[in-house]
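This is coords30.cif (mmCIF, C-alpha atoms).
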data_model
#
loop_
_atom_site.label_atom_id
_atom_site.label_comp_id
_atom_site.auth_asym_id
_atom_site.auth_seq_id
_atom_site.Cartn_x
_atom_site.Cartn_y
_atom_site.Cartn_z
CA MET A 1 -13.16 -1.91 -25.84
CA ASN A 2 -13.15 1.55 -27.31
CA GLY A 3 -15.57 1.69 -30.20
CA HIS A 4 -15.31 0.23 -33.63
CA ARG A 5 -11.60 0.21 -34.15
CA GLY A 6 -11.04 -1.96 -31.05
CA ARG A 7 -13.73 -4.35 -32.15
CA LYS A 8 -12.21 -4.57 -35.59
CA LEU A 9 -8.81 -5.34 -34.14
CA ILE A 10 -10.29 -8.05 -31.93
CA ALA A 11 -12.11 -9.54 -34.90
CA LEU A 12 -8.91 -9.48 -36.93
CA LEU A 13 -6.83 -11.26 -34.32
CA GLY A 14 -9.58 -13.53 -33.05
CA ASP A 15 -10.65 -13.86 -29.43
CA ARG A 16 -8.99 -17.24 -29.15
CA ARG A 17 -5.61 -15.97 -30.24
CA LEU A 18 -5.96 -12.97 -27.93
CA ALA A 19 -6.75 -15.33 -25.04
CA TRP A 20 -3.41 -17.06 -25.64
CA LEU A 21 -1.81 -13.64 -25.59
CA GLY A 22 -3.55 -13.03 -22.25
CA LEU A 23 -2.19 -16.28 -20.90
CA LEU A 24 1.29 -15.33 -22.07
CA LEU A 25 0.96 -11.90 -20.48
CA ALA A 26 -0.18 -13.43 -17.18
CA ALA A 27 2.75 -15.86 -17.27
CA VAL A 28 5.22 -13.04 -17.93
CA LEU A 29 3.73 -10.89 -15.17
CA ALA A 30 4.05 -13.78 -12.73
CA LEU A 31 7.80 -14.10 -13.39
CA PRO A 32 9.90 -12.97 -10.42
CA ALA A 33 11.90 -10.67 -12.71
CA ALA A 34 8.76 -8.92 -14.00
CA ARG A 35 7.42 -8.62 -10.46
CA ALA A 36 10.69 -7.14 -9.25
CA LEU A 37 10.76 -4.66 -12.13
CA LEU A 38 7.12 -3.55 -11.77
CA GLU A 39 7.08 -3.49 -7.99
CA ALA A 40 10.39 -1.69 -7.59
CA SER A 41 8.55 1.61 -7.67
CA MET A 42 5.20 2.58 -6.22
CA TRP A 43 3.75 4.18 -9.33
CA ARG A 44 4.73 1.25 -11.57
CA HIS A 45 3.20 -1.09 -9.01
CA MET A 46 -0.21 0.57 -9.09
CA VAL A 47 -0.63 2.22 -12.48
CA LEU A 48 1.34 -0.29 -14.57
CA GLN A 49 1.17 -3.69 -12.88
CA TYR A 50 -2.47 -3.42 -11.81
CA PRO A 51 -3.83 -2.60 -15.31
CA LEU A 52 -1.57 -5.20 -16.95
CA TRP A 53 -3.01 -7.97 -14.78
CA MET A 54 -6.50 -6.70 -15.59
CA LEU A 55 -5.66 -6.68 -19.30
CA ALA A 56 -4.50 -10.28 -19.04
CA GLY A 57 -7.80 -11.16 -17.37
CA ALA A 58 -9.81 -9.36 -20.04
CA LEU A 59 -7.94 -11.14 -22.84
CA LEU A 60 -8.36 -14.50 -21.15
CA ALA A 61 -12.10 -13.92 -20.71
CA GLY A 62 -12.37 -13.48 -24.48
CA GLY A 63 -11.30 -17.09 -24.92
CA LEU A 64 -14.30 -18.44 -23.02
CA SER A 65 -16.68 -20.58 -25.06
CA ALA A 66 -20.10 -19.20 -25.90
CA HIS A 67 -21.57 -21.82 -23.58
CA ALA A 68 -19.42 -20.72 -20.65
CA ARG A 69 -20.23 -17.07 -21.30
CA GLU A 70 -23.91 -17.85 -21.31
CA ARG A 71 -23.68 -19.68 -18.01
CA LEU A 72 -21.73 -16.82 -16.46
CA ALA A 73 -24.18 -14.26 -17.83
CA ARG A 74 -26.97 -15.91 -15.85
CA TRP A 75 -25.29 -14.62 -12.71
CA ASN A 76 -24.54 -11.25 -14.22
CA ALA A 77 -27.78 -9.49 -15.25
CA SER A 78 -26.93 -6.27 -17.10
CA GLY A 79 -23.33 -6.76 -16.05
CA ILE A 80 -24.15 -5.56 -12.54
CA SER A 81 -22.31 -8.19 -10.52
CA GLY A 82 -19.31 -8.00 -12.82
CA LEU A 83 -18.96 -4.24 -12.47
CA LEU A 84 -19.48 -4.51 -8.71
CA LEU A 85 -16.75 -7.15 -8.52
CA ALA A 86 -14.29 -5.02 -10.49
CA GLY A 87 -15.15 -1.93 -8.45
CA THR A 88 -14.76 -3.75 -5.15
CA VAL A 89 -11.41 -5.23 -6.15
CA LEU A 90 -10.05 -1.84 -7.23
CA ALA A 91 -11.32 -0.09 -4.10
CA VAL A 92 -9.74 -2.66 -1.77
CA LEU A 93 -6.47 -2.75 -3.68
CA MET A 94 -6.04 1.01 -3.38
CA ILE A 95 -5.52 0.72 0.38
CA PRO A 96 -1.84 1.66 0.79
CA ARG A 97 -1.14 -1.30 3.06
CA VAL A 98 -1.74 -3.68 0.14
CA LEU A 99 1.35 -2.39 -1.67
CA ASP A 100 3.58 -3.02 1.35
CA LEU A 101 2.07 -6.41 2.15
CA ALA A 102 2.25 -7.61 -1.45
CA LEU A 103 6.03 -7.21 -1.33
CA VAL A 104 6.56 -9.32 1.78
CA ALA A 105 3.56 -11.68 2.02
CA PRO A 106 3.31 -14.14 -0.89
CA ALA A 107 -0.31 -14.97 0.01
CA VAL A 108 -1.31 -11.31 -0.32
CA GLU A 109 0.57 -11.00 -3.61
CA LEU A 110 -1.20 -14.07 -4.95
CA ALA A 111 -4.60 -12.80 -3.81
CA LYS A 112 -3.88 -9.37 -5.31
CA CYS A 113 -2.89 -10.71 -8.72
CA SER A 114 -5.79 -13.16 -8.97
CA ALA A 115 -8.23 -10.47 -7.87
CA LEU A 116 -6.96 -8.16 -10.62
CA LEU A 117 -7.13 -10.96 -13.19
CA THR A 118 -10.72 -11.68 -12.16
CA ALA A 119 -11.62 -7.99 -12.20
CA GLY A 120 -10.29 -7.63 -15.75
CA ALA A 121 -12.28 -10.65 -16.89
CA ALA A 122 -15.41 -9.40 -15.11
CA LEU A 123 -15.12 -6.01 -16.80
CA ARG A 124 -14.76 -7.64 -20.21
CA LEU A 125 -17.82 -9.83 -19.65
CA SER A 126 -19.97 -7.04 -18.21
CA TRP A 127 -19.07 -3.79 -19.94
CA ARG A 128 -21.23 -3.97 -23.04
CA GLN A 129 -24.16 -5.56 -21.18
CA ALA A 130 -24.14 -2.76 -18.64
CA GLY A 131 -25.37 0.03 -20.92
CA LEU A 132 -24.49 3.67 -20.64
CA VAL A 133 -26.18 4.34 -17.30
CA ALA A 134 -24.45 1.55 -15.40
CA GLN A 135 -21.17 2.31 -17.18
CA GLY A 136 -21.46 5.95 -16.21
CA PHE A 137 -22.26 5.04 -12.62
CA PHE A 138 -19.31 2.66 -12.45
CA LEU A 139 -16.88 5.12 -14.02
CA GLY A 140 -18.22 7.99 -11.94
CA ASN A 141 -17.41 6.08 -8.79
CA MET A 142 -14.11 4.59 -9.89
CA LEU A 143 -12.67 7.70 -11.49
CA LEU A 144 -13.67 9.90 -8.60
CA MET A 145 -12.05 7.42 -6.24
CA GLY A 146 -8.95 7.32 -8.43
CA ALA A 147 -8.69 11.10 -8.47
CA VAL A 148 -9.29 11.47 -4.72
CA VAL A 149 -6.85 8.71 -3.78
CA GLY A 150 -4.41 10.23 -6.27
CA GLN A 151 -4.63 13.60 -4.55
CA LEU A 152 -4.17 11.94 -1.16
CA TYR A 153 -1.07 10.12 -2.36
CA ALA A 154 0.31 13.21 -4.06
CA GLN A 155 -0.19 15.54 -1.12
CA SER A 156 0.43 13.40 1.94
CA PRO A 157 3.52 14.68 3.74
CA LEU A 158 3.95 11.22 5.27
CA ARG A 159 5.13 8.11 3.54
CA LEU A 160 2.14 5.80 3.26
CA CYS A 161 4.21 2.77 2.32
CA ASN A 162 7.30 1.72 4.24
CA ALA A 163 8.80 0.19 1.13
CA TYR A 164 8.54 3.26 -1.12
CA LEU A 165 9.97 6.76 -1.11
CA LEU A 166 7.90 9.93 -0.72
CA GLY A 167 8.75 11.19 -4.23
CA ASP A 168 7.57 7.90 -5.69
CA GLN A 169 4.29 8.25 -3.83
CA GLU A 170 3.80 11.76 -5.21
CA ARG A 171 4.41 10.52 -8.75
CA LEU A 172 1.84 7.75 -8.22
CA GLY A 173 -0.68 10.29 -7.00
CA GLN A 174 -0.17 12.46 -10.07
CA TRP A 175 -0.48 9.44 -12.35
CA LEU A 176 -3.71 8.33 -10.68
CA THR A 177 -5.26 11.77 -10.98
CA ALA A 178 -4.14 12.17 -14.59
CA ILE A 179 -5.35 8.74 -15.67
CA SER A 180 -8.73 9.21 -13.97
CA THR A 181 -9.22 12.52 -15.72
CA MET A 182 -8.15 11.12 -19.08
CA VAL A 183 -10.49 8.13 -18.87
CA ALA A 184 -13.36 10.41 -17.84
CA LEU A 185 -12.77 12.65 -20.85
CA LEU A 186 -12.44 9.69 -23.23
CA TRP A 187 -15.67 8.14 -21.99
CA LEU A 188 -17.50 11.46 -22.29
CA ALA A 189 -16.20 11.87 -25.82
CA GLN A 190 -17.44 8.41 -26.65
CA VAL A 191 -20.87 9.17 -25.22
CA PHE A 192 -21.11 12.39 -27.25
CA TRP A 193 -20.07 10.55 -30.39
CA TRP A 194 -22.67 7.88 -29.67
CA VAL A 195 -25.43 10.44 -29.15
CA ALA A 196 -24.46 12.38 -32.27
CA ARG A 197 -24.51 9.20 -34.36
CA ARG A 198 -27.89 8.21 -32.94
CA ASP A 199 -29.35 11.61 -33.72
CA ALA A 200 -28.00 11.38 -37.24
CA ASP A 201 -29.51 7.91 -37.63
CA THR A 202 -32.91 8.88 -36.34
CA GLY A 203 -32.80 11.99 -38.50
CA ARG A 204 -32.16 9.89 -41.58
CA MET A 205 -34.84 7.35 -40.80
CA ALA A 206 -37.27 9.99 -39.58
CA GLY A 207 -39.98 7.88 -38.03
CA PRO A 208 -39.43 4.12 -37.71
CA GLN A 209 -37.20 3.87 -34.67
CA ALA A 210 -34.34 1.48 -34.46
CA PRO A 211 -34.75 -0.96 -31.53
CA GLN A 212 -31.05 -0.89 -30.56
CA ASP A 213 -31.39 2.79 -29.73
CA ALA A 214 -33.37 2.14 -26.57
CA ALA A 215 -30.26 1.67 -24.43
CA ALA A 216 -28.51 4.68 -25.90
CA ARG A 217 -31.54 6.90 -25.32
CA THR A 218 -31.78 6.11 -21.59
CA GLY A 219 -28.03 6.66 -21.36
CA SER A 220 -28.01 10.03 -23.02
CA SER A 221 -30.67 11.37 -20.69
CA ALA A 222 -28.54 10.55 -17.65
CA PRO A 223 -26.34 13.36 -16.38
CA SER A 224 -22.65 12.86 -16.92
CA PRO A 225 -21.72 11.76 -13.43
CA GLN A 226 -18.02 12.45 -13.39
CA SER A 227 -15.45 15.07 -14.13
CA PRO A 228 -13.12 15.09 -11.16
CA MET B 1 -31.39 -14.25 -13.27
CA VAL B 2 -31.95 -11.03 -11.35
CA LEU B 3 -32.10 -12.98 -8.10
CA ARG B 4 -28.85 -14.78 -8.89
CA THR B 5 -27.21 -11.50 -9.79
CA ALA B 6 -28.39 -9.95 -6.52
CA LEU B 7 -27.07 -12.96 -4.59
CA ILE B 8 -23.64 -12.90 -6.22
CA SER B 9 -23.46 -9.11 -5.81
CA LEU B 10 -24.20 -9.48 -2.12
CA LEU B 11 -21.45 -12.08 -1.82
CA VAL B 12 -19.01 -9.80 -3.65
CA ALA B 13 -19.89 -6.91 -1.34
CA ILE B 14 -19.44 -9.08 1.77
CA GLY B 15 -16.15 -10.44 0.43
CA GLY B 16 -14.88 -6.93 -0.27
CA TYR B 17 -15.91 -5.76 3.17
CA LEU B 18 -14.16 -8.70 4.86
CA ALA B 19 -10.99 -8.18 2.83
CA ALA B 20 -10.90 -4.45 3.59
CA SER B 21 -11.63 -4.98 7.26
CA TRP B 22 -8.85 -7.58 7.52
CA LEU B 23 -6.40 -5.29 5.73
CA THR B 24 -7.21 -2.27 7.90
CA HIS B 25 -7.64 -4.02 11.27
CA ASP B 26 -11.35 -3.14 11.30
CA PHE B 27 -10.83 0.17 9.51
CA ARG B 28 -8.45 1.53 12.14
CA VAL B 29 -5.27 1.71 10.04
CA TRP B 30 -4.62 2.17 6.32
CA THR B 31 -0.87 1.79 6.13
CA GLU B 32 1.56 -0.98 7.00
CA GLU B 33 3.24 1.34 9.51
CA GLY B 34 -0.11 1.92 11.25
CA ALA B 35 -0.73 -1.82 11.32
CA ARG B 36 2.74 -2.45 12.74
CA ARG B 37 2.17 0.04 15.57
CA LEU B 38 -1.25 -1.36 16.38
CA GLU B 39 0.02 -4.93 16.34
CA VAL B 40 2.90 -4.07 18.68
CA ALA B 41 0.53 -2.34 21.09
CA LEU B 42 -1.76 -5.38 21.08
CA ALA B 43 1.00 -7.98 21.39
CA PRO B 44 4.53 -7.11 22.62
CA VAL B 45 7.37 -8.29 20.39
CA PRO B 46 10.25 -10.09 22.20
CA LEU B 47 13.62 -8.64 21.21
CA PRO B 48 15.85 -11.15 19.42
CA ASP B 49 19.13 -12.22 21.01
CA VAL B 50 21.41 -10.56 18.48
CA ALA B 51 25.02 -9.77 19.36
CA LEU B 52 25.76 -6.06 19.70
CA GLN B 53 28.79 -3.80 19.47
CA GLY B 54 28.73 -0.29 20.81
CA THR B 55 29.20 2.11 23.70
CA LEU B 56 29.12 0.99 27.34
CA LEU B 57 26.67 -1.84 26.78
CA PRO B 58 25.47 -3.65 29.94
CA ALA B 59 25.25 -6.98 28.09
CA PRO B 60 26.53 -8.42 24.80
CA THR B 61 23.12 -9.14 23.27
CA LEU B 62 20.17 -6.86 22.63
CA ALA B 63 17.57 -8.80 24.62
CA ALA B 64 19.89 -9.01 27.63
CA ALA B 65 20.98 -5.38 27.34
CA ALA B 66 17.40 -4.17 27.30
CA ARG B 67 16.32 -6.24 30.30
CA GLY B 68 16.08 -4.52 33.66
CA SER B 69 15.48 -1.04 32.32
CA VAL B 70 12.87 0.71 30.22
CA THR B 71 14.41 1.80 26.92
CA ILE B 72 13.41 4.31 24.30
CA ALA B 73 15.16 3.22 21.12
CA ASP B 74 15.48 4.44 17.58
CA PHE B 75 17.19 3.25 14.42
CA PHE B 76 19.75 5.40 12.63
CA TYR B 77 23.11 5.21 10.89
CA THR B 78 26.06 7.49 11.46
CA ARG B 79 26.58 8.48 7.80
CA CYS B 80 23.00 9.76 7.61
CA GLN B 81 22.45 13.38 6.63
CA THR B 82 18.66 13.68 6.83
CA VAL B 83 16.09 12.19 9.23
CA CYS B 84 18.71 10.83 11.59
CA LEU B 85 19.83 14.34 12.39
CA SER B 86 16.40 15.24 13.69
CA LEU B 87 16.30 11.92 15.51
CA GLY B 88 19.58 12.92 17.14
CA SER B 89 18.15 16.18 18.35
CA THR B 90 14.99 14.43 19.59
CA PHE B 91 17.19 12.16 21.66
CA GLN B 92 19.26 15.09 22.91
CA GLN B 93 16.04 16.67 24.20
CA LEU B 94 14.93 13.39 25.77
CA GLN B 95 18.32 13.10 27.45
CA ALA B 96 18.03 16.63 28.81
CA GLN B 97 14.59 15.84 30.23
CA LEU B 98 15.85 12.64 31.84
CA GLN B 99 18.82 14.45 33.36
CA ALA B 100 16.57 17.19 34.73
CA GLU B 101 14.20 14.69 36.30
CA PRO B 102 16.03 11.67 37.73
CA ALA B 103 14.11 8.43 38.17
CA ARG B 104 12.12 8.06 41.37
CA ALA B 105 13.21 5.49 43.92
CA GLY B 106 11.90 2.02 43.18
CA ALA B 107 11.34 2.76 39.54
CA ALA B 108 13.27 0.94 36.84
CA PRO B 109 15.99 3.01 35.19
CA LEU B 110 15.09 4.73 31.91
CA ARG B 111 17.62 4.56 29.08
CA LEU B 112 17.99 5.75 25.53
CA LEU B 113 19.37 3.44 22.87
CA SER B 114 20.28 4.38 19.32
CA LEU B 115 20.57 1.30 17.14
CA SER B 116 22.46 1.54 13.87
CA PHE B 117 21.30 -0.47 10.88
CA ASP B 118 24.70 -0.04 9.24
CA GLY B 119 26.60 -2.61 11.30
CA ALA B 120 29.28 -3.02 8.65
CA HIS B 121 30.39 0.61 8.95
CA ASP B 122 29.28 1.63 12.43
CA SER B 123 31.81 -0.16 14.60
CA ALA B 124 32.20 0.57 18.31
CA PRO B 125 34.80 3.37 17.80
CA VAL B 126 32.67 5.02 15.09
CA LEU B 127 29.63 4.91 17.38
CA GLN B 128 31.68 6.29 20.27
CA ALA B 129 32.85 9.24 18.16
CA TYR B 130 29.27 9.88 17.05
CA ALA B 131 28.01 9.73 20.65
CA ASP B 132 30.66 12.25 21.70
CA LYS B 133 29.67 14.55 18.86
CA LEU B 134 26.04 14.53 20.03
CA GLY B 135 27.05 15.05 23.64
CA ALA B 136 25.57 11.77 24.80
CA ASP B 137 25.60 11.01 28.53
CA ALA B 138 27.36 7.62 28.45
CA ASP B 139 25.26 6.20 31.25
CA LEU B 140 21.88 7.34 29.90
CA TRP B 141 22.20 7.11 26.15
CA ARG B 142 23.85 4.12 24.50
CA PHE B 143 24.73 3.48 20.87
CA ALA B 144 24.91 0.04 19.35
CA SER B 145 24.94 -1.83 16.07
CA VAL B 146 24.73 -5.45 14.98
CA PRO B 147 28.00 -6.52 13.33
CA ASP B 148 26.55 -9.71 11.83
CA ALA B 149 24.58 -8.99 8.64
CA VAL B 150 22.24 -11.97 9.02
CA GLN B 151 21.42 -11.09 12.62
CA GLN B 152 20.93 -7.46 11.65
CA ARG B 153 18.39 -8.43 9.00
CA ALA B 154 16.59 -10.64 11.51
CA LEU B 155 16.44 -7.77 14.00
CA LEU B 156 15.02 -5.30 11.46
CA GLU B 157 12.46 -7.83 10.34
CA ARG B 158 11.38 -8.69 13.87
CA LEU B 159 10.93 -5.04 14.80
CA GLY B 160 9.25 -4.13 11.51
CA VAL B 161 11.92 -1.66 10.41
CA VAL B 162 12.10 -1.22 6.63
CA VAL B 163 15.22 0.41 5.22
CA ILE B 164 15.28 1.44 1.56
CA PRO B 165 17.92 3.31 -0.47
CA ASP B 166 16.86 6.74 -1.74
CA GLU B 167 17.87 8.77 -4.81
CA LEU B 168 20.63 10.62 -2.97
CA GLY B 169 22.55 7.48 -2.08
CA GLU B 170 21.26 7.58 1.48
CA PHE B 171 18.80 5.37 3.29
CA GLU B 172 15.20 6.06 4.15
CA HIS B 173 13.49 4.11 6.92
CA ASN B 174 10.28 4.19 8.94
CA ALA B 175 11.84 6.18 11.75
CA ALA B 176 10.01 5.97 15.06
CA LEU B 177 10.49 5.86 18.81
CA LEU B 178 10.40 2.27 20.03
CA VAL B 179 9.75 1.55 23.71
CA PHE B 180 11.25 -1.64 25.20
CA ASP B 181 10.04 -2.84 28.60
CA THR B 182 12.11 -4.33 31.45
CA GLN B 183 11.54 -7.86 30.14
CA GLY B 184 13.24 -7.10 26.85
CA ARG B 185 10.12 -6.74 24.70
CA MET B 186 9.12 -3.99 22.27
CA VAL B 187 5.81 -2.82 23.69
CA ARG B 188 4.97 0.36 21.81
CA VAL B 189 5.98 2.32 18.71
CA PHE B 190 5.54 6.11 18.73
CA ASP B 191 5.81 8.64 15.97
CA LEU B 192 8.85 10.92 16.01
CA ALA B 193 6.53 13.84 16.72
CA GLU B 194 5.14 12.06 19.80
CA GLN B 195 8.29 12.50 21.84
CA GLU B 196 6.47 13.67 25.00
CA LEU B 197 3.98 10.84 24.77
CA ALA B 198 6.79 8.30 24.38
CA LEU B 199 8.62 9.70 27.39
CA ASN B 200 5.51 9.73 29.58
CA TYR B 201 4.64 6.21 28.52
CA ALA B 202 8.18 5.01 29.29
CA ARG B 203 8.12 6.74 32.70
CA GLN B 204 4.80 5.11 33.50
CA LEU B 205 6.18 1.74 32.47
CA ALA B 206 9.32 2.23 34.61
CA SER B 207 7.39 3.22 37.74
CA LYS B 208 5.15 0.16 37.44
CA ARG B 209 8.04 -2.23 38.02
CA SER B 210 7.02 -4.72 40.66
#
I need this file expressed as structure tokens, please.
Amino acid sequence: MNGHRGRKLIALLGDRRLAWLGLLLAAVLALPAARALLEASMWRHMVLQYPLWMLAGALLAGGLSAHARERLARWNASGISGLLLAGTVLAVLMIPRVLDLALVAPAVELAKCSALLTAGAALRLSWRQAGLVAQGFFLGNMLLMGAVVGQLYAQSPLRLCNAYLLGDQERLGQWLTAISTMVALLWLAQVFWWVARRDADTGRMAGPQAPQDAAARTGSSAPSPQSP
Amino acid sequence: MVLRTALISLLVAIGGYLAASWLTHDFRVWTEEGARRLEVALAPVPLPDVALQGTLLPAPTLAAAARGSVTIADFFYTRCQTVCLSLGSTFQQLQAQLQAEPARAGAAPLRLLSLSFDGAHDSAPVLQAYADKLGADADLWRFASVPDAVQQRALLERLGVVVIPDELGEFEHNAALLVFDTQGRMVRVFDLAEQELALNYARQLASKRS
């Protein structure tokens, strides 16, 4: 999703082929062996297994027909409902009890994995439609939550999950904080690059304004909402 | 399109709220341990009839041994070097308090019970030696373990005790003070730091015997 190179890669492989890859990834993740490996430690459970399921969902969403996408988009003006869905799923799944329950209650594990799959797909179908302002709002909330929850996990003197050790919990907290910070910086860099390119474009054209710049202009005037 | 988006967003928000409120028992607990303690307080858990081995047990099974007295119990294992040591000293203090203040007439007796989750190693003689080392009053403070592995797993599961191996080759578990009532049910789970609260609660429970 990151800029031109990602788009080029997607074009090279083809959305259809990537959707098969997503299906394969989902199938592998659902294997008991993969579950056991990823859920054996707390940090792998949250910062490895969660994003992998979301990636599978995003890849699968790419395989949707144009018709299906259009029908879905009718319920997803400016990607708002999609971003809200992804945000809600992530917020709920960060409650420590989920990690414990997912290990012992198959229904919770199933709900967790399908929610992550759906969240990944929703992000894929909503991200570009959302524009910089909504993206910034979404990331501002999510990354701040990630960093705060990360600090809580890292600094709690109590074990928050019965199934995981305290050291594991600390590592997860550090990962969450680090990843949130990294994503914030990457997104900011992308925004700056975008703005610089737009300025260069408008400078070259000097006068007749390009219509696709409207979204970027509103975005650049918004304050950068995050930096945990 | 905007209306549909608003509708679906509302549904998503409601769904998220319901899921979170179910997970957290109406936003009262955030961890599985918190949920376990709340659930026990709301609905007592009958002790399973697992066969025990140990020191001076009044009956051969846990449910029967717990009946007739109020018990403060904990889980431990004798080879433990970490948390169990502090559990041991907590129980030594509880024992001292019980010895200093004998039960009132008419009240049910109050006992301490240390349950080992290492039934394969902690046989009756091992437990006896451990009890002697801690200076346990044989009548007040009993030690027991479940020799049968299947029954032991059932007991841990029923009482919500999760034991996991740690990096040092020891075992970590959600250590707590469990209170059993005179009918052989687990009625409350207290934090290790809530020793006074657990004792007062147990005393209250014992004096209420009808």
Fill in: chain B contacts to chain A at 7 Å (all atoms listed in the file) as a PyMOL selection string
chain B and resi 1-2+4-5+8-9+12+16+20+30-33+162+164+166+174
Fill in: Picked residues, the PyMOL selection byres ((chain B and resi 41) around 12), as a ChimeraX atom specification
/B:34-40,42-45,178-180,185-190
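Applied to the file shown here, the PyMOL selection byres ((chain A and resi 21) around 12) selects Ile10, Leu13, Gly14, Asp15, Arg16, Arg17, Leu18, Ala19, Trp20, Gly22, Leu23, Leu24, Leu25, Ala26, Ala27, Val28, Leu55, Ala56, Gly57, Ala58, Leu59, Leu60, Ala61, Gly62 and Gly63 of chain A.
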The PyMOL selection byres ((chain B and resi 90-103) around 9) on the file shown: which residues, as a PDB file with C-alpha atoms, in the frame of the given file?
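Just written: out_20.pdb:
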ATOM      1  CA  ASP B  74      15.480   4.440  17.580  1.00  0.00           C
ATOM      2  CA  LEU B  85      19.830  14.340  12.390  1.00  0.00           C
ATOM      3  CA  SER B  86      16.400  15.240  13.690  1.00  0.00           C
ATOM      4  CA  LEU B  87      16.300  11.920  15.510  1.00  0.00           C
ATOM      5  CA  GLY B  88      19.580  12.920  17.140  1.00  0.00           C
ATOM      6  CA  SER B  89      18.150  16.180  18.350  1.00  0.00           C
ATOM      7  CA  ARG B 104      12.120   8.060  41.370  1.00  0.00           C
ATOM      8  CA  ALA B 105      13.210   5.490  43.920  1.00  0.00           C
ATOM      9  CA  GLY B 106      11.900   2.020  43.180  1.00  0.00           C
ATOM     10  CA  ALA B 107      11.340   2.760  39.540  1.00  0.00           C
ATOM     11  CA  ALA B 108      13.270   0.940  36.840  1.00  0.00           C
ATOM     12  CA  PRO B 109      15.990   3.010  35.190  1.00  0.00           C
ATOM     13  CA  LEU B 110      15.090   4.730  31.910  1.00  0.00           C
ATOM     14  CA  ARG B 111      17.620   4.560  29.080  1.00  0.00           C
ATOM     15  CA  LEU B 112      17.990   5.750  25.530  1.00  0.00           C
ATOM     16  CA  SER B 114      20.280   4.380  19.320  1.00  0.00           C
ATOM     17  CA  LEU B 134      26.040  14.530  20.030  1.00  0.00           C
ATOM     18  CA  GLY B 135      27.050  15.050  23.640  1.00  0.00           C
ATOM     19  CA  ALA B 136      25.570  11.770  24.800  1.00  0.00           C
ATOM     20  CA  ASP B 137      25.600  11.010  28.530  1.00  0.00           C
ATOM     21  CA  LEU B 140      21.880   7.340  29.900  1.00  0.00           C
ATOM     22  CA  TRP B 141      22.200   7.110  26.150  1.00  0.00           C
ATOM     23  CA  LEU B 192       8.850  10.920  16.010  1.00  0.00           C
ATOM     24  CA  ALA B 193       6.530  13.840  16.720  1.00  0.00           C
ATOM     25  CA  GLN B 195       8.290  12.500  21.840  1.00  0.00           C
ATOM     26  CA  GLU B 196       6.470  13.670  25.000  1.00  0.00           C
ATOM     27  CA  LEU B 199       8.620   9.700  27.390  1.00  0.00           C
ATOM     28  CA  ARG B 203       8.120   6.740  32.700  1.00  0.00           C
ATOM     29  CA  ALA B 206       9.320   2.230  34.610  1.00  0.00           C
ATOM     30  CA  SER B 207       7.390   3.220  37.740  1.00  0.00           C
TER      31      SER B 207
END
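The spacing separating CA of Ser69 (chain B) from CA of Thr182 (chain B) amounts to 4.8 Å.
The two atoms in question, CA of Tyr50 (chain A) and CA of Gly146 (chain A), are spaced 13.0 Å apart.
Distances from B:Ser21, B:Thr61, B:Asn200, B:Thr55 to Ala129 (chain B) were compared using only C-alpha atoms, and the smallest one belongs to B:Thr55.
Proximity of B:Pro46, B:Pro165, B:Gly54, B:Pro60 to Gly184 (chain B), computed with all atoms listed in the file, is greatest for B:Pro46.
By all atoms listed in the file, and with residues fewer than 5 positions from Ala51 (chain B) along its chain excluded, the set lying at most 12 Å from it is Leu57, Ala59, Pro60, Thr61, Leu62, Ala63, Ala64, Ala65, Gly119, Ala144, Ser145, Val146, Pro147, Asp148, Ala149, Val150, Gln151, Gln152, Ala154 and Leu155 of chain B.
Remark: for Leu172 (chain A), the closest of the candidate residues A:Ala119, A:Leu152, A:Ala68, A:Ala189 is A:Leu152 (distances computed over only C-alpha atoms).
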Discussion item. What does the structure give for the distance between CA of Glu170 (chain A) and CA of Tyr153 (chain A), in Å to one decimal?
Written reply: 5.9 Å
